[in-house]
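What follows is a single structure, written as C-alpha cells, with notes after it.
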Amino acid sequence: MALDTTPATSPVLRLPAKGAALLTAAGALVTIISTFLAWTWTSEFPGDLTYYGSPAGLQLIALAGGVLTLLYAAAALGVRGTGWLAPASAENAVLYLAMGTFGAVWYTLIAIAVDTGGLVNLEPGGFVAGVGALAALAGALGLPVDRRETDPWDWAAAGKLGGGAFLVGVMLMPEDWATFTTMDLVQSVAIGAGAVAVRALLHWLRLGHVTRPVAAVEGAPAWREILAIVVAFGIGLYVFTYGIDTETAEDFVGFLILVAFAFVGLNRAGLIGRLKTLTLKHRNVTFTAAFVAAAAFPVTQENDAYTSVATNILIFATVALGLNVVVGLAGLLDLGYVAFLGVGAYTAALVSGSAASSIGVRFPFWAAMLTGAAVSLVFGVVIGAPTLRLRGDYLAIVTLGFGEIFRLVMQNLNGTSGPNVTNGSAGISNIPELELFGWNFGESHDLGFATINRFGSYFLLMLFVTLIVVLVFRRSSESRIGRAWVAIREDETAATAMGINTFRLKLLAFALGASLAGLAGTVQAHVTTTVTPEQYLFANTVPPNSAFLLAAVILGGMGTVSGPIIGASLLFLIPAKLTFLNDWQLLLFGLALVLLMRFRPEGLVADRRKQLEFHDTGQLDVPKDAAILTKVEA
C-alpha cells in the first residue's frame with residue numbers, strides 16, 4: 001500500500017494547546033533545576049555527577065537541552081521577545097528539542113544504571129531529571145505539529161525489518177558459534193523486536209514536514225545581520241569545540257543525541273533558514289567569519305590531543321572536496337581516489353630531505369606542494385585519458401583497480417621486487433618538520449594569550465590549504481566549465497548533443513580533483529611524518545580511504561561546499577570518539593548509509609537541484625525557475 005505523505009498539523013496527544021505548552025515549559029524548567037542536583041552518589045560514572053550546584057558532563061547537555069526547550073515553549077506561548085526564535089514554527093521546534101532533551105537525559109540515566117550496577121545508584125536528582133524530561137516531551141506531543149495524515153501499517157515490511165535486525169544482532173554476537181549461548185539468541189531476538197517497536201513508534205507519531213516560507217527581515221540594518229552571522233559562527237565554534245573535547249564515549253553520545261535533534265528543531269523553527277538567507281546575502285562576511293572561527297580553534301585547546309583529530313579532519317575534508325569535483329560536479333564514480341592523496345604524500349616525502357628518501361633532495365615546502373599537486377595532476381591525466389571514455393560501473397571498476405595498483409606498486413618499489421624508491425611496506429619515515437618564515441611546526445609557540453602546539457601549527461597550515469581548495473571549487477563550479485560538468489552529470493548524451501566536449505571536460509575534472517588531493521597529501525606527509533602503502537586502502541576502519549571519502553561526499557551532499565566538510569567531520573570524529581564500536585564500525589557504517597539513502601538521499605546539505613530530484617516538488621517551497629538552476633549552493 002502506498003504511503004500517504006500529505007502533511008497536516010495536529011497533536012500526537014489530545015491536549016489543550018496552551019496547557020501542552022505550559023506542561024512543556026514546566027518540564028523543561030524541572031530538567032534545568034535537576035542539573036544542579038546530584039544524579040548519582042558514585043564518582044565512577046564519567047563526568048562525576050555527584051555534586052550539588054555544579055552541573056558537569058552529561059548534566060551540561062541536559063541543561064542546554066532544557067534551556068532551549070524552555071525558550072521555544074515560551075515562543076509557542078507567544079511570550080513577547082521570543083518570536084525571532086521561530087520565524088516558521090515554534091511548535092515543531094519544541095517537539096524535536098524536547099525529544100533531544102529526553103533522549104540525552106534518559107540515555108544518561110540508563111548509562112548510570114548499566115555502568116554502576118543498577119538504578120539503586122541514582123540520586124534523587126536523576127529521578128527529577130527523568131520526570132522533568134518526560135513531562136516536557138509529553139507536553140510537546142500535545143502541541144499541533146506537522147504530521148502525515150495516514151501511515152498504513154505494513155506487516156510484511158515490519159517482519160522484514162525485524163528479521164533483518166535479528167540477523168544484525170546475530171552478526172554482533174561472538175564469532176565462534178561454539179560459544180553462542182541462549183542469552184545471545186535472546187539478545188538477537190530483542191534487537192529484532194526493538195527494531196519493530198521503533199517502527200511502531202514512528203507509525204504512531206506520523207511526523208511529517210510542511211515547508212513554510214521564512215519571511216525576510218525588512219529594514220534590518222546591515223550591521224545587525226553581520227552581527228548575527230558572527231554570533232552564529234561563534235556558537236558553531238563553541239559547539240564543535242565542546243564536542244571534540246568530550247573525554248568519554250558516554251559524554252559524546254549524549255552530545256550527539258542533543259545536537260542532532262536540536263539541529264532538526266532549529267531547522268523546523270526556520271532559524272537556520274533565516275541564517276542561510278543572511279549568509280547568501282553577505283557571502284564575503286560569511287566566508288571570513290567561517291575562516292576566523294576555524295582559525296581560532298587551536299587557541300581553545302591546551303594540548304594536541306584533540307587538535308590532532310581536527311587536523312586529520314581537515315585533511316580528510318579537503319580530499320573529500322577534491323573528490324566532490326569528480327563525483328559531485330562531473331558525476332564520475334571514482335573508487336580509487338585515495339591513490340591521488342598517496343601520490344601527493346609520497347612526492348612530498350621523497351623531496352622532504354628525509355634520511356629514508358631515495359632521492360636525497362630537499363625542496364622548500366612551497367615547491368614540494370606544487371610538485372605534489374603537479375605529479376598528482378599528471379597521474380590523473382595518465383589514468384583518465386584512456387579510461388574516461390567508459391561510463392558508470394566500468395569506470396568505477398577501472399578506478400578501483402588504479403587505487404589498488406598504486407598501493408601494490410608503492411609496496412614493491414623496495415629494492416627487491418623493483419627499484420628501491422619507496423622502501424616498500426616500511427615506507428618513508430622521519431619526514432622532517434616544516435619551517436616557514438622562521439616558524440618551526442614541530443615546536444610549541446607561546447603567543448601570550450594562548451600556546452600553539454605542533455598540531456595547532458599544522459591545523460592552521462591545513463586550514464590555508466582547505467581555503468585554497470574551497471576557492472578553487474567555488475570558482476570552478478560557478479564557471480561555464482562547472483555548468484558543463486553539471487550538464488554531463490545529469491545527461492552525458494544530451495550534453496554531447498548540445499556541443500559539449502564531454503571527454504575533454506571529464507578529463508579536466510579528473511585532473512583537477514587529482515591535483516587537489518595531491519595538494520592535501522603534501523601536508524599529510526609532514527603531519528604523519530611517515531608515509532606507507534597501507535595508509536591508502538580502498539576500505540579500512542580508519543579514514544581516509546576511498547570508501548570513506550566517497551561516503552563523505554554522499555553523506556554531506558554532492559555538489560556543495562559545506563556538505564563534504566560536514567560529512568568528513570562526522571565520519572572521522574565519530575569513530576575517533578566511539579572507540580568501543582571498532583569491531584562493529586563497518587557494519588554500523590553500512591547501516592547508516594542505507595538509512596541515509598532511504599530517508600535523505602540528497603545528503604545532509606543539499607542544493608535545490610538535488611531536492612527537486614529526490615523529493616516531490618509539491619512539498620517543497622520551490623521557485624518557478626528552480627528547474628533551470630545550475631548554480632551550486634554551499
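Letters for chains follow the order of the C-alpha cells (A, B, ...), residue numbers begin at 1 for each chain, and ligand numbers begin at 1 in the order shown.
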
(message) as a ChimeraX atom specification, please: every residue in region 281-446 of chain A that DSSP puts in alpha helix (DSSP H).
(response) /A:281,283-295,307-324,338-350,365-387,392-412

Please tabulate, as a Markdown table, the residues of region 404-487 of chain A that come within 10 Å of region 508-518 of chain A, each with its closest pair of atoms and the distance in Å to one decimal, counting only C-alpha atoms and ordering rows by chain, then residue number upward.
```
| residue | atom | partner | partner_atom | distance |
| --- | --- | --- | --- | --- |
| A:Val465 | CA | A:Leu516 | CA | 9.3 |
| A:Thr466 | CA | A:Leu516 | CA | 9.5 |
| A:Ile468 | CA | A:Leu516 | CA | 9.2 |
| A:Val469 | CA | A:Leu516 | CA | 6.6 |
| A:Val472 | CA | A:Leu516 | CA | 9.0 |
| A:Phe473 | CA | A:Gly513 | CA | 9.4 |
| A:Ser476 | CA | A:Ala509 | CA | 9.7 |
| A:Ile481 | CA | A:Ala509 | CA | 9.3 |
| A:Gly482 | CA | A:Ala509 | CA | 9.1 |
| A:Trp485 | CA | A:Ala509 | CA | 7.9 |
```

(request) Find the residues around region 532-545 of chain A up to 10 Å (only C-alpha atoms counted), leave out those fewer than 5 positions away in its own chain, and share them as a PyMOL selection string. (result) chain A and resi 312-313+315-317+319-320+335-343+345-346+400-401+403-404+406-412+422-429+525+550-552+568+571-572+575-576+582-586+589

(request) Would you mind reading off the distance between CA of Leu507 (chain A) and CA of Val381 (chain A), one decimal, in Å? (result)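 Distance reported for this atom pair: 6.6 Å.
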
(request) Within region 57-172 of chain A, find each residue whose DSSP state, derived from the backbone, is strand (DSSP E), and express the selection as a PyMOL selection string. (result) chain A and resi 145-148

(message) Can you tell me which residues surround Leu85 (chain A) at a distance of at most 12 Å, considering only C-alpha atoms, apart from same-chain residues fewer than 5 positions away, and format the answer as a VMD selection string?
(response) chain A and resid 68 to 76 78 to 80 90 to 91 93 to 94 214 265 to 275

Deliver the residues from the most recent selection as a file, using C-alpha atoms, as an mmCIF file, in the first residue's frame.
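Full text of result.cif as output:
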```
data_model
loop_
_atom_site.group_PDB
_atom_site.id
_atom_site.type_symbol
_atom_site.label_atom_id
_atom_site.label_comp_id
_atom_site.auth_asym_id
_atom_site.auth_seq_id
_atom_site.Cartn_x
_atom_site.Cartn_y
_atom_site.Cartn_z
ATOM 1 C CA LEU A 68 16.427 25.514 24.503
ATOM 2 C CA THR A 69 13.150 23.672 25.128
ATOM 3 C CA LEU A 70 12.039 26.317 27.635
ATOM 4 C CA LEU A 71 12.849 29.165 25.236
ATOM 5 C CA TYR A 72 10.877 27.638 22.393
ATOM 6 C CA ALA A 73 7.994 26.718 24.678
ATOM 7 C CA ALA A 74 7.874 30.420 25.572
ATOM 8 C CA ALA A 75 7.822 31.227 21.859
ATOM 9 C CA ALA A 76 4.939 28.766 21.375
ATOM 10 C CA GLY A 78 3.629 33.848 22.419
ATOM 11 C CA VAL A 79 5.837 35.387 25.103
ATOM 12 C CA ARG A 80 6.969 38.795 23.964
ATOM 13 C CA ALA A 90 7.772 27.193 17.293
ATOM 14 C CA GLU A 91 5.690 24.068 17.979
ATOM 15 C CA ALA A 93 10.951 23.117 17.251
ATOM 16 C CA VAL A 94 9.637 22.433 20.756
ATOM 17 C CA VAL A 214 10.649 32.256 6.126
ATOM 18 C CA GLY A 265 14.326 21.526 15.680
ATOM 19 C CA LEU A 266 16.045 24.802 14.789
ATOM 20 C CA ASN A 267 15.631 23.972 11.117
ATOM 21 C CA ARG A 268 11.901 23.367 11.554
ATOM 22 C CA ALA A 269 11.685 26.625 13.503
ATOM 23 C CA GLY A 270 13.029 28.452 10.452
ATOM 24 C CA LEU A 271 16.003 29.899 12.314
ATOM 25 C CA ILE A 272 18.569 28.035 10.196
ATOM 26 C CA GLY A 273 16.700 29.026 7.044
ATOM 27 C CA ARG A 274 16.880 32.675 8.040
ATOM 28 C CA LEU A 275 20.569 32.347 8.829
#
```

(message) Can you pull out the residues contacting Gly117 (chain A)? Cut-off 12 Å, using only C-alpha atoms, and skip same-chain residues under 4 positions away; I want them as a list of chain:residue names.
(response)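 Using only C-alpha atoms, the neighbours found are A:Thr40, A:Thr42, A:Glu44, A:Phe45, A:Leu109, A:Ile110, A:Ala111, A:Ile112, A:Ala113, A:Asn121, A:Leu122.
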
Saved selection, atoms kept: C-alpha atoms, as a PDB file, in the first residue's frame:
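What landed in part_23.pdb:
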```pdb
ATOM      1  CA  THR A  40      24.413   9.573  41.303  1.00  0.00           C
ATOM      2  CA  THR A  42      29.395   7.403  42.958  1.00  0.00           C
ATOM      3  CA  GLU A  44      32.789   6.011  38.982  1.00  0.00           C
ATOM      4  CA  PHE A  45      30.450   7.245  36.251  1.00  0.00           C
ATOM      5  CA  LEU A 109      20.140   7.533  33.490  1.00  0.00           C
ATOM      6  CA  ILE A 110      20.327   4.187  31.690  1.00  0.00           C
ATOM      7  CA  ALA A 111      24.118   4.531  31.275  1.00  0.00           C
ATOM      8  CA  ILE A 112      24.477   5.215  35.023  1.00  0.00           C
ATOM      9  CA  ALA A 113      22.401   2.143  35.826  1.00  0.00           C
ATOM     10  CA  ASN A 121      22.843   4.089  42.291  1.00  0.00           C
ATOM     11  CA  LEU A 122      20.740   7.042  41.132  1.00  0.00           C
TER      12      LEU A 122
END
```

(request) Between A:Asn284, A:Thr300, A:Thr496, A:Thr9, single out the one closest to Leu141 (chain A), counting only C-alpha atoms. (result)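 For Leu141 (chain A), the nearest of the given residues is A:Thr9.
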
(message) Just checking: using only C-alpha atoms, which residue out of A:Gly384, A:Leu185, A:Ala520, A:Ala260 ends up closest to Leu570 (chain A)?
(response) A:Ala260

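Distance annotation: of A:Pro16, A:Gly100, A:Gly243, A:Gly344, the residue with the minimal separation from Val523 (chain A) is A:Gly344; atom set is only C-alpha atoms.
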
(request) Write out as an NGL selection string which residues come within 12 Å of Glu435 (chain A) when counting only C-alpha atoms, dropping same-chain ones fewer than 3 positions away. (result) :A and (352 or 363-366 or 432 or 438-443 or 454 or 457-458 or 461 or 526)

Save out the residues we just selected, N, CA, C and O atoms, as a PDB file, in the first residue's frame.
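To be explicit, this is the file written out as selection_35.pdb:
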```pdb
ATOM      1  N   SER A 352      61.455  15.731   0.710  1.00  0.00           N
ATOM      2  CA  SER A 352      61.422  16.397   2.015  1.00  0.00           C
ATOM      3  C   SER A 352      62.791  16.478   2.682  1.00  0.00           C
ATOM      4  O   SER A 352      62.959  17.160   3.686  1.00  0.00           O
ATOM      5  N   PHE A 363      63.254  20.059  -1.050  1.00  0.00           N
ATOM      6  CA  PHE A 363      62.639  21.229  -1.664  1.00  0.00           C
ATOM      7  C   PHE A 363      62.079  22.132  -0.574  1.00  0.00           C
ATOM      8  O   PHE A 363      61.689  21.655   0.499  1.00  0.00           O
ATOM      9  N   PRO A 364      62.020  23.426  -0.820  1.00  0.00           N
ATOM     10  CA  PRO A 364      61.198  24.276   0.053  1.00  0.00           C
ATOM     11  C   PRO A 364      59.755  23.782   0.022  1.00  0.00           C
ATOM     12  O   PRO A 364      59.313  23.192  -0.976  1.00  0.00           O
ATOM     13  N   PHE A 365      59.023  24.033   1.095  1.00  0.00           N
ATOM     14  CA  PHE A 365      57.690  23.432   1.175  1.00  0.00           C
ATOM     15  C   PHE A 365      56.788  23.904   0.049  1.00  0.00           C
ATOM     16  O   PHE A 365      55.994  23.118  -0.481  1.00  0.00           O
ATOM     17  N   TRP A 366      56.876  25.177  -0.322  1.00  0.00           N
ATOM     18  CA  TRP A 366      56.011  25.653  -1.401  1.00  0.00           C
ATOM     19  C   TRP A 366      56.304  24.903  -2.697  1.00  0.00           C
ATOM     20  O   TRP A 366      55.382  24.594  -3.467  1.00  0.00           O
ATOM     21  N   PRO A 432      60.999  15.339   8.017  1.00  0.00           N
ATOM     22  CA  PRO A 432      61.300  16.442   8.935  1.00  0.00           C
ATOM     23  C   PRO A 432      60.128  17.407   9.105  1.00  0.00           C
ATOM     24  O   PRO A 432      59.248  17.502   8.239  1.00  0.00           O
ATOM     25  N   GLY A 438      60.490  31.199   9.591  1.00  0.00           N
ATOM     26  CA  GLY A 438      61.025  31.130  10.937  1.00  0.00           C
ATOM     27  C   GLY A 438      60.134  30.431  11.939  1.00  0.00           C
ATOM     28  O   GLY A 438      60.497  30.316  13.115  1.00  0.00           O
ATOM     29  N   TRP A 439      58.975  29.948  11.512  1.00  0.00           N
ATOM     30  CA  TRP A 439      58.025  29.261  12.402  1.00  0.00           C
ATOM     31  C   TRP A 439      58.242  27.763  12.268  1.00  0.00           C
ATOM     32  O   TRP A 439      57.914  27.167  11.248  1.00  0.00           O
ATOM     33  N   ASN A 440      58.793  27.138  13.299  1.00  0.00           N
ATOM     34  CA  ASN A 440      59.040  25.697  13.295  1.00  0.00           C
ATOM     35  C   ASN A 440      57.771  24.980  13.733  1.00  0.00           C
ATOM     36  O   ASN A 440      57.273  25.178  14.838  1.00  0.00           O
ATOM     37  N   PHE A 441      57.250  24.140  12.849  1.00  0.00           N
ATOM     38  CA  PHE A 441      55.975  23.478  13.124  1.00  0.00           C
ATOM     39  C   PHE A 441      56.099  22.393  14.186  1.00  0.00           C
ATOM     40  O   PHE A 441      55.089  21.933  14.712  1.00  0.00           O
ATOM     41  N   GLY A 442      57.283  21.953  14.482  1.00  0.00           N
ATOM     42  CA  GLY A 442      57.464  20.901  15.474  1.00  0.00           C
ATOM     43  C   GLY A 442      57.606  21.410  16.890  1.00  0.00           C
ATOM     44  O   GLY A 442      57.694  20.614  17.831  1.00  0.00           O
ATOM     45  N   GLU A 443      57.627  22.723  17.070  1.00  0.00           N
ATOM     46  CA  GLU A 443      57.803  23.309  18.395  1.00  0.00           C
ATOM     47  C   GLU A 443      56.529  24.010  18.846  1.00  0.00           C
ATOM     48  O   GLU A 443      55.677  24.385  18.035  1.00  0.00           O
ATOM     49  N   ARG A 454      52.305  21.632  18.190  1.00  0.00           N
ATOM     50  CA  ARG A 454      52.660  21.103  16.873  1.00  0.00           C
ATOM     51  C   ARG A 454      51.442  20.953  15.970  1.00  0.00           C
ATOM     52  O   ARG A 454      51.422  21.478  14.850  1.00  0.00           O
ATOM     53  N   SER A 457      49.867  24.165  14.745  1.00  0.00           N
ATOM     54  CA  SER A 457      50.532  24.781  13.595  1.00  0.00           C
ATOM     55  C   SER A 457      50.116  24.106  12.295  1.00  0.00           C
ATOM     56  O   SER A 457      49.806  24.770  11.286  1.00  0.00           O
ATOM     57  N   TYR A 458      50.083  22.763  12.300  1.00  0.00           N
ATOM     58  CA  TYR A 458      49.676  22.054  11.087  1.00  0.00           C
ATOM     59  C   TYR A 458      48.195  22.264  10.786  1.00  0.00           C
ATOM     60  O   TYR A 458      47.780  22.250   9.617  1.00  0.00           O
ATOM     61  N   LEU A 461      48.027  25.500   8.918  1.00  0.00           N
ATOM     62  CA  LEU A 461      48.519  25.308   7.555  1.00  0.00           C
ATOM     63  C   LEU A 461      47.482  24.580   6.706  1.00  0.00           C
ATOM     64  O   LEU A 461      47.205  24.960   5.561  1.00  0.00           O
ATOM     65  N   HIS A 526      53.818  15.462   6.152  1.00  0.00           N
ATOM     66  CA  HIS A 526      54.531  16.098   7.260  1.00  0.00           C
ATOM     67  C   HIS A 526      53.778  15.943   8.581  1.00  0.00           C
ATOM     68  O   HIS A 526      54.394  15.903   9.644  1.00  0.00           O
TER      69      HIS A 526
END
```

Could you list, as a CSV table (one decimal) with all heavy atoms, in the first residue's frame, every residue within 10 Å of region 302-304 of chain A, counting only C-alpha atoms and ignoring same-chain residues fewer than 2 positions away?
```
chain,number,residue,atom,x,y,z
A,298,PRO,N,42.6,26.2,17.4
A,298,PRO,CA,43.8,25.8,18.1
A,298,PRO,C,44.0,26.7,19.4
A,298,PRO,O,44.6,26.2,20.4
A,298,PRO,CB,44.9,26.1,17.1
A,298,PRO,CG,44.3,26.0,15.8
A,298,PRO,CD,42.9,26.6,16.0
A,299,VAL,N,43.5,27.9,19.4
A,299,VAL,CA,43.6,28.8,20.6
A,299,VAL,C,42.8,28.2,21.7
A,299,VAL,O,43.2,28.5,22.9
A,299,VAL,CB,43.2,30.2,20.2
A,299,VAL,CG1,43.3,31.1,21.4
A,299,VAL,CG2,44.1,30.8,19.1
A,300,THR,N,41.7,27.5,21.4
A,300,THR,CA,40.9,27.0,22.5
A,300,THR,C,41.4,25.7,23.1
A,300,THR,O,40.9,25.2,24.1
A,300,THR,CB,39.5,26.7,22.0
A,300,THR,OG1,39.5,25.7,21.0
A,300,THR,CG2,38.9,28.0,21.3
A,306,TYR,N,43.3,16.8,20.9
A,306,TYR,CA,42.1,17.0,20.0
A,306,TYR,C,42.5,17.8,18.8
A,306,TYR,O,41.8,17.8,17.8
A,306,TYR,CB,41.0,17.6,20.8
A,306,TYR,CG,40.5,16.7,22.0
A,306,TYR,CD1,40.6,17.2,23.3
A,306,TYR,CD2,40.1,15.4,21.8
A,306,TYR,CE1,40.3,16.4,24.3
A,306,TYR,CE2,39.8,14.6,22.8
A,306,TYR,CZ,39.8,15.1,24.1
A,306,TYR,OH,39.5,14.3,25.2
A,307,THR,N,43.5,18.6,18.9
A,307,THR,CA,43.9,19.4,17.7
A,307,THR,C,44.4,18.4,16.6
A,307,THR,O,44.2,18.7,15.4
A,307,THR,CB,45.1,20.4,18.1
A,307,THR,OG1,44.7,21.1,19.3
A,307,THR,CG2,45.3,21.4,17.0
A,308,SER,N,45.0,17.3,17.0
A,308,SER,CA,45.5,16.3,16.0
A,308,SER,C,44.2,15.7,15.3
A,308,SER,O,44.3,15.5,14.1
A,308,SER,CB,46.2,15.2,16.7
A,308,SER,OG,45.5,14.5,17.6
A,309,VAL,N,43.2,15.5,16.1
A,309,VAL,CA,41.9,15.0,15.4
A,309,VAL,C,41.4,16.0,14.4
A,309,VAL,O,41.0,15.7,13.3
A,309,VAL,CB,40.9,14.6,16.5
A,309,VAL,CG1,39.6,14.2,15.9
A,309,VAL,CG2,41.4,13.6,17.4
A,310,ALA,N,41.4,17.3,14.9
A,310,ALA,CA,40.9,18.3,14.0
A,310,ALA,C,41.7,18.5,12.7
A,310,ALA,O,41.2,18.7,11.6
A,310,ALA,CB,40.8,19.7,14.7
A,311,THR,N,43.0,18.3,12.9
A,311,THR,CA,43.9,18.4,11.7
A,311,THR,C,43.6,17.3,10.7
A,311,THR,O,43.6,17.6,9.5
A,311,THR,CB,45.4,18.4,12.2
A,311,THR,OG1,45.6,19.4,13.1
A,311,THR,CG2,46.3,18.6,11.0
A,444,SER,N,56.4,24.2,20.2
A,444,SER,CA,55.3,25.0,20.7
A,444,SER,C,55.6,26.5,20.7
A,444,SER,O,56.8,26.8,20.9
A,444,SER,CB,55.0,24.5,22.2
A,444,SER,OG,54.6,23.2,22.2
A,450,ALA,N,47.7,32.5,24.4
A,450,ALA,CA,47.5,31.0,24.1
A,450,ALA,C,48.8,30.4,23.6
A,450,ALA,O,49.8,31.1,23.2
A,450,ALA,CB,46.4,30.9,23.0
A,451,THR,N,48.8,29.1,23.6
A,451,THR,CA,50.0,28.4,23.1
A,451,THR,C,49.6,27.5,21.9
A,451,THR,O,48.6,26.8,22.0
A,451,THR,CB,50.6,27.5,24.2
A,451,THR,OG1,51.0,28.3,25.3
A,451,THR,CG2,51.8,26.7,23.7
A,452,ILE,N,50.4,27.7,20.8
A,452,ILE,CA,50.1,26.9,19.6
A,452,ILE,C,51.1,25.7,19.6
A,452,ILE,O,52.3,25.9,19.5
A,452,ILE,CB,50.3,27.7,18.3
A,452,ILE,CG1,49.3,28.9,18.4
A,452,ILE,CG2,50.0,26.9,17.1
A,452,ILE,CD1,47.9,28.5,18.4
A,453,ASN,N,50.6,24.5,19.7
A,453,ASN,CA,51.5,23.3,19.7
A,453,ASN,C,51.7,22.8,18.3
A,453,ASN,O,51.2,23.4,17.3
A,453,ASN,CB,50.9,22.2,20.6
A,453,ASN,CG,50.8,22.7,22.1
A,453,ASN,OD1,51.8,23.2,22.6
A,453,ASN,ND2,49.7,22.5,22.7
A,454,ARG,N,52.3,21.6,18.2
A,454,ARG,CA,52.7,21.1,16.9
A,454,ARG,C,51.4,21.0,16.0
A,454,ARG,O,51.4,21.5,14.8
A,454,ARG,CB,53.3,19.7,17.0
A,454,ARG,CG,53.7,19.1,15.7
A,454,ARG,CD,54.3,17.7,15.9
A,454,ARG,NE,54.7,17.1,14.6
A,454,ARG,CZ,54.0,16.4,13.9
A,454,ARG,NH1,52.7,16.1,14.3
A,454,ARG,NH2,54.4,15.9,12.7
A,455,PHE,N,50.4,20.2,16.5
A,455,PHE,CA,49.3,20.0,15.6
A,455,PHE,C,48.5,21.3,15.4
A,455,PHE,O,47.8,21.4,14.4
A,455,PHE,CB,48.4,18.9,16.2
A,455,PHE,CG,48.9,17.5,15.9
A,455,PHE,CD1,49.5,16.8,17.0
A,455,PHE,CD2,48.8,17.0,14.7
A,455,PHE,CE1,50.0,15.5,16.7
A,455,PHE,CE2,49.3,15.7,14.5
A,455,PHE,CZ,49.9,15.0,15.5
A,456,GLY,N,48.6,22.2,16.3
A,456,GLY,CA,47.9,23.5,16.1
A,456,GLY,C,48.5,24.2,14.9
A,456,GLY,O,47.8,24.9,14.1
```

(request) Can you work out which one of A:Val264, A:Leu49, A:Ala592, A:Leu329 has the shortest atom-to-atom distance to Ala484 (chain A), counting only C-alpha atoms? (result)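 Smallest separation from Ala484 (chain A) among the options: A:Leu329.
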
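Each of A:Val605, A:Pro46, A:Val12, A:Thr522 was compared to Ala249 (chain A) using only C-alpha atoms, and A:Pro46 turns out to be the nearest.
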
(message) One number please: CA of Leu350 (chain A) to CA of Met369 (chain A), in Å, one decimal.
(response) 12.0 Å

(request) Kindly give the distance, in Å, that separates CA of Trp41 (chain A) and CA of Gly130 (chain A), rounded to a single decimal. (result) 16.5 Å
